[in-house]
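A.B. asks: Got a structure for you, written out below as structure tokens; questions coming shortly.
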Amino acid sequence: MRLFVILFCLAFLISCSKDGTNNQENFSSAGKGGSLARFTIVDNYLYLVDDVTLKVFDISDPQNTVLVNTIHLRFGIETIFPYKNRLFIGSSDGMYIYSISDPVTPVLLGEALHTRSCDPVVANDSVSFVTLRGNQPCGPAEDGLYSYNIRNLMNPVLISTQHIPTPHGLGLQDSILYVCQKTNGMSIYNINNPAAPRLRGNINDRVFEDVICYGDLLICYVSTGIAIYDINSPANPVFLSEVAN
């Protein structure tokens with residue numbers, strides 16, 4: 001747990017960097033957290049989810065952080081992921097897309113419901129990827145990678161399902177998707193055709209739980225600490241170093 005906190009504190013520091021590269025197309029003030037994160041930063045606002053609410057904090061003055069809104073969501077909220085002026089919120093029963101065009105007042109745009117499971121989310125302009133994990137605490141869903149067409153944000157459409165064992169966190173860099181599978185390693189997919197993600201390879205020497213794509217680095221939360229890979233060639237991560245737990 002301590003390492004998990006460190007990883008997302010790192011994401012917080014990255015999000016505050018003004019000269020860092022961000023692959024979210026000029027939305028450089030969006031936080032860069034992993035897909036299992038429960039908070040994110042966009043411009044001068046911190047968005048935090050608990051089991052049933054989305055809280056919005058104004059952090060324009062770091063010494064005087066102010067809670068400016070609390071939005072009641074459905075039960076079982078788990079994760080939050082920012083992309084441009086949207087928040088993708090994963091819950092035990094679905095994916096919810098909120099507009100933050102008005103950053104203080106997020107507005108629900110669309111949702112995609114599924115069988116109860118654990119549910120991290122990442123997204124780009126046209127597609128979102130969700131890993132569903134079914135087990136005793138998560139629910140009865142079948143383990144897998146699910147792809148949704150989100151060109152119509154008000155009506156996400158499931159376009160692909162790939163059944164894979166023990167899916168956890170995931171990360172998206174250009175046309176490459178990284179899917180953590182704990183003891184089954186990390187799978188690397190080409191998603192040029194999001195309706196048919198194509199497996200490019202696996203890294204099996206670690207227990208992978210979540211990843212952060214940050215510029216040319218892939219920051220991985222693994223069972224033994226934080227592993228860092230060079231992804232100048234996104235489909236071929238090269239191990240650089242590890243910070244032991």
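Simple scheme: letters A, B, ... for chains in structure tokens order, numbers from 1 for residues in each chain, numbers from 1 for ligands in the order shown.
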Select from range 37-145 of chain A every residue with an atom at most 12 Å from any atom of range 210-216 of chain A, then for each give the shortest pair of atoms and their distance in Å to one decimal, using only C-alpha atoms, rows by chain and rising number, as a Markdown table.
C.D. replies:
| residue | atom | partner | partner_atom | distance |
| --- | --- | --- | --- | --- |
| A:Ala37 | CA | A:Asp210 | CA | 9.3 |
| A:Phe81 | CA | A:Ile212 | CA | 11.2 |
| A:Pro120 | CA | A:Asp210 | CA | 9.7 |
| A:Val121 | CA | A:Asp210 | CA | 11.4 |
| A:Val122 | CA | A:Ile212 | CA | 10.7 |
| A:Thr131 | CA | A:Asp210 | CA | 11.5 |
A.B. asks: Quick one: of A:Gly144, A:Ser92, A:Pro156, A:Thr161, who's nearest to Leu109 in chain A, counting only C-alpha atoms?
C.D. replies: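 Of all the options, A:Pro156 lies closest to Leu109 in chain A.
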A.B. asks: Check which residues of range 87-170 of chain A sit at most 10 Å from range 42-52 of chain A using only C-alpha atoms, and return one row each with the closest pair of atoms and their distance in Å to one decimal, ordered by chain and rising number, as JSON lines.
C.D. replies:
{"residue": "A:Leu87", "atom": "CA", "partner": "A:Tyr47", "partner_atom": "CA", "distance": 9.0}
{"residue": "A:Ile89", "atom": "CA", "partner": "A:Val49", "partner_atom": "CA", "distance": 8.5}
{"residue": "A:Gly90", "atom": "CA", "partner": "A:Val49", "partner_atom": "CA", "distance": 10.0}
{"residue": "A:Ser91", "atom": "CA", "partner": "A:Asp51", "partner_atom": "CA", "distance": 8.5}
{"residue": "A:Ser92", "atom": "CA", "partner": "A:Asp51", "partner_atom": "CA", "distance": 9.7}
{"residue": "A:Ile100", "atom": "CA", "partner": "A:Val42", "partner_atom": "CA", "distance": 9.2}
{"residue": "A:Pro103", "atom": "CA", "partner": "A:Tyr45", "partner_atom": "CA", "distance": 7.2}
{"residue": "A:Val104", "atom": "CA", "partner": "A:Tyr45", "partner_atom": "CA", "distance": 7.9}
{"residue": "A:Pro106", "atom": "CA", "partner": "A:Tyr47", "partner_atom": "CA", "distance": 9.8}
A.B. asks: Between CA of Val127 in chain A and CA of Met154 in chain A, what is the spacing in Å?
C.D. replies: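 One can read the CA of Met154 in chain A to CA of Val127 in chain A distance as 12.9 Å.
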A.B. asks: If I take CA of Val207 in chain A and CA of Ile77 in chain A, how far is one from the other in Å, to one decimal?
C.D. replies: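 Interatomic distance here is 25.0 Å.
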A.B. asks: Write out as a short mmCIF file (atom, residue, chain, number, x, y, z; two decimals) with all heavy atoms, in the first residue's frame which residues come within 9 Å of Glu242 in chain A when counting only C-alpha atoms, dropping same-chain ones fewer than 2 positions away.
C.D. replies:
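Written file, part.cif:
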data_model
loop_
_atom_site.label_atom_id
_atom_site.label_comp_id
_atom_site.auth_asym_id
_atom_site.auth_seq_id
_atom_site.Cartn_x
_atom_site.Cartn_y
_atom_site.Cartn_z
N THR A 224 7.37 -5.73 -6.65
CA THR A 224 8.63 -5.48 -5.96
C THR A 224 9.01 -4.02 -5.87
O THR A 224 10.03 -3.67 -5.29
CB THR A 224 9.78 -6.25 -6.66
OG1 THR A 224 9.77 -5.91 -8.06
CG2 THR A 224 9.59 -7.76 -6.50
N GLY A 225 8.21 -3.14 -6.46
CA GLY A 225 8.52 -1.71 -6.41
C GLY A 225 7.98 -0.99 -7.62
O GLY A 225 6.87 -1.24 -8.08
N ILE A 226 8.77 -0.06 -8.16
CA ILE A 226 8.42 0.70 -9.36
C ILE A 226 9.45 0.38 -10.44
O ILE A 226 10.65 0.62 -10.26
CB ILE A 226 8.40 2.22 -9.09
CG1 ILE A 226 7.33 2.56 -8.05
CG2 ILE A 226 8.14 2.98 -10.39
CD1 ILE A 226 7.35 4.00 -7.61
N ALA A 227 8.99 -0.18 -11.55
CA ALA A 227 9.88 -0.49 -12.67
C ALA A 227 9.66 0.55 -13.77
O ALA A 227 8.52 0.91 -14.06
CB ALA A 227 9.60 -1.90 -13.21
N ILE A 228 10.74 1.02 -14.35
CA ILE A 228 10.68 2.07 -15.37
C ILE A 228 11.23 1.54 -16.68
O ILE A 228 12.31 0.94 -16.72
CB ILE A 228 11.46 3.31 -14.92
CG1 ILE A 228 10.89 3.84 -13.59
CG2 ILE A 228 11.41 4.40 -15.98
CD1 ILE A 228 11.68 4.98 -12.99
N PHE A 239 13.66 -2.10 -20.48
CA PHE A 239 13.82 -1.90 -19.05
C PHE A 239 14.98 -0.95 -18.76
O PHE A 239 16.07 -1.10 -19.31
CB PHE A 239 14.04 -3.23 -18.35
CG PHE A 239 14.32 -3.10 -16.88
CD1 PHE A 239 13.30 -2.77 -15.99
CD2 PHE A 239 15.61 -3.30 -16.38
CE1 PHE A 239 13.55 -2.63 -14.63
CE2 PHE A 239 15.86 -3.17 -15.04
CZ PHE A 239 14.82 -2.83 -14.15
N LEU A 240 14.74 0.03 -17.87
CA LEU A 240 15.76 0.97 -17.48
C LEU A 240 16.22 0.76 -16.04
O LEU A 240 17.42 0.66 -15.78
CB LEU A 240 15.26 2.41 -17.64
CG LEU A 240 14.94 2.89 -19.06
CD1 LEU A 240 14.35 4.30 -19.01
CD2 LEU A 240 16.20 2.86 -19.92
N ALA A 244 13.14 -0.46 -5.61
CA ALA A 244 12.61 -1.57 -4.82
C ALA A 244 11.69 -1.07 -3.73
O ALA A 244 11.89 0.02 -3.17
CB ALA A 244 13.75 -2.38 -4.23
#
A.B. asks: Within 12 Å of Gln173 in chain A, counting only C-alpha atoms, which residues show up once you throw out same-chain ones fewer than 6 positions away? Write them as a list in words, please.
C.D. replies: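 Counting only C-alpha atoms, the residues come to Asn22, Asn23, Gln24, Glu25, Val122, Ala123, Asn124, Val179, Ile188, Tyr189, Asn190, Ile191, Asn192, Val211, Ile212, Cys213, Tyr214, Gly215, Asp216, Leu217, Leu218, Ile231, Asn232, Ser233, Pro234, Ala235, Asn236 and Pro237 of chain A.
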A.B. asks: Go through A:Pro194, A:Pro82, A:Pro165, A:Gly110 one by one, measure the shortest atom-to-atom distance of each to Gly33 in chain A using only C-alpha atoms, and give the residue with the smallest value.
C.D. replies: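 The closest residue to Gly33 in chain A is A:Pro82.
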A.B. asks: Applying 9 Å and only C-alpha atoms, which residues near Asp125 in chain A remain after dropping the ones on its own chain fewer than 2 positions away? List them as a list in words.
C.D. replies: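 Final neighbour list, sorted by chain and number: Tyr83, Lys84, Ala123, Val127, Ser128, Ile150 and Arg151 of chain A.
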A.B. asks: Here is a test: counting only C-alpha atoms, which residue of A:Asn85, A:Ser223, A:Thr40, A:Thr105 is nearest to Val68 in chain A?
C.D. replies: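 Smallest separation from Val68 in chain A among the options: A:Thr105.
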A.B. asks: Skipping near chain neighbours, those fewer than 2 positions away, what residues fall within 6 Å of range 168-170 of chain A using only C-alpha atoms, listed as a list in words?
C.D. replies: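 After dropping sequence-adjacent residues, the list is Ser35, Leu36, Tyr178, Val179, Cys180, Gln181, Glu209 and Asp210 of chain A.
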A.B. asks: Output all heavy atoms of each residue in that selection to a file, as a compact mmCIF listing (two decimals), in the first residue's frame.
C.D. replies:
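The new file selection-v3.txt reads:
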# COMPACT_ATOMS: atom_id res chain seq x y z
N SER A 35 -4.22 3.98 -14.20
CA SER A 35 -5.65 3.73 -14.44
C SER A 35 -6.38 3.31 -13.17
O SER A 35 -7.61 3.30 -13.14
CB SER A 35 -5.81 2.64 -15.50
OG SER A 35 -5.31 1.41 -15.04
N LEU A 36 -5.64 2.97 -12.12
CA LEU A 36 -6.28 2.60 -10.85
C LEU A 36 -6.40 3.79 -9.90
O LEU A 36 -6.83 3.63 -8.76
CB LEU A 36 -5.48 1.47 -10.17
CG LEU A 36 -5.36 0.17 -10.95
CD1 LEU A 36 -4.53 -0.85 -10.16
CD2 LEU A 36 -6.73 -0.41 -11.28
N TYR A 178 -1.00 -1.00 -23.04
CA TYR A 178 -0.34 -1.89 -22.08
C TYR A 178 -1.38 -2.37 -21.08
O TYR A 178 -2.08 -1.56 -20.47
CB TYR A 178 0.78 -1.14 -21.35
CG TYR A 178 1.76 -0.46 -22.27
CD1 TYR A 178 1.62 0.90 -22.58
CD2 TYR A 178 2.82 -1.15 -22.86
CE1 TYR A 178 2.51 1.54 -23.43
CE2 TYR A 178 3.71 -0.51 -23.72
CZ TYR A 178 3.55 0.83 -23.99
OH TYR A 178 4.41 1.46 -24.84
N VAL A 179 -1.47 -3.69 -20.91
CA VAL A 179 -2.45 -4.27 -19.99
C VAL A 179 -1.72 -5.09 -18.94
O VAL A 179 -1.08 -6.10 -19.26
CB VAL A 179 -3.47 -5.15 -20.74
CG1 VAL A 179 -4.49 -5.72 -19.76
CG2 VAL A 179 -4.18 -4.35 -21.82
N CYS A 180 -1.82 -4.66 -17.68
CA CYS A 180 -1.19 -5.39 -16.59
C CYS A 180 -2.05 -6.60 -16.22
O CYS A 180 -3.28 -6.51 -16.17
CB CYS A 180 -1.05 -4.47 -15.37
SG CYS A 180 0.01 -3.04 -15.65
N GLN A 181 -1.36 -7.72 -15.93
CA GLN A 181 -2.07 -8.96 -15.60
C GLN A 181 -1.47 -9.65 -14.38
O GLN A 181 -1.53 -10.87 -14.26
CB GLN A 181 -2.07 -9.90 -16.81
CG GLN A 181 -2.82 -9.35 -18.00
CD GLN A 181 -2.73 -10.26 -19.21
OE1 GLN A 181 -2.15 -9.90 -20.22
NE2 GLN A 181 -3.30 -11.45 -19.10
N GLU A 209 0.85 -4.43 -11.82
CA GLU A 209 -0.46 -4.03 -11.32
C GLU A 209 -1.03 -2.81 -12.04
O GLU A 209 -2.21 -2.74 -12.31
CB GLU A 209 -0.40 -3.78 -9.81
CG GLU A 209 -0.01 -5.01 -9.03
CD GLU A 209 -0.63 -5.06 -7.66
OE1 GLU A 209 -1.59 -4.31 -7.39
OE2 GLU A 209 -0.15 -5.86 -6.84
N ASP A 210 -0.18 -1.81 -12.34
CA ASP A 210 -0.67 -0.61 -13.02
C ASP A 210 0.50 0.08 -13.70
O ASP A 210 1.67 -0.19 -13.39
CB ASP A 210 -1.36 0.33 -12.04
CG ASP A 210 -2.31 1.32 -12.73
OD1 ASP A 210 -2.57 1.14 -13.93
OD2 ASP A 210 -2.79 2.26 -12.07
A.B. asks: Counting only C-alpha atoms, figure out which residue out of A:Leu132, A:Leu153, A:Ala196, A:Val222 gets nearest to Tyr98 in chain A.
C.D. replies: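 Under the stated criterion, the closest residue is A:Leu153.
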A.B. asks: I need the residues in range 119-181 of chain A that are strand (DSSP E) according to DSSP; give them as JSON, numbers by chain.
C.D. replies: {"A": [121, 122, 123, 127, 128, 129, 130, 131, 132, 144, 145, 146, 147, 148, 149, 157, 158, 159, 160, 161, 162, 170, 171, 172, 173, 176, 177, 178, 179, 180]}
A.B. asks: List the spatial neighbours of Leu67 in chain A as a list in words - criterion: any atom at most 8 Å away, only C-alpha atoms, same-chain residues fewer than 4 positions off excluded.
C.D. replies: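 In the requested form, the answer reads Lys55, Val56, Phe57 and Asp58 of chain A.
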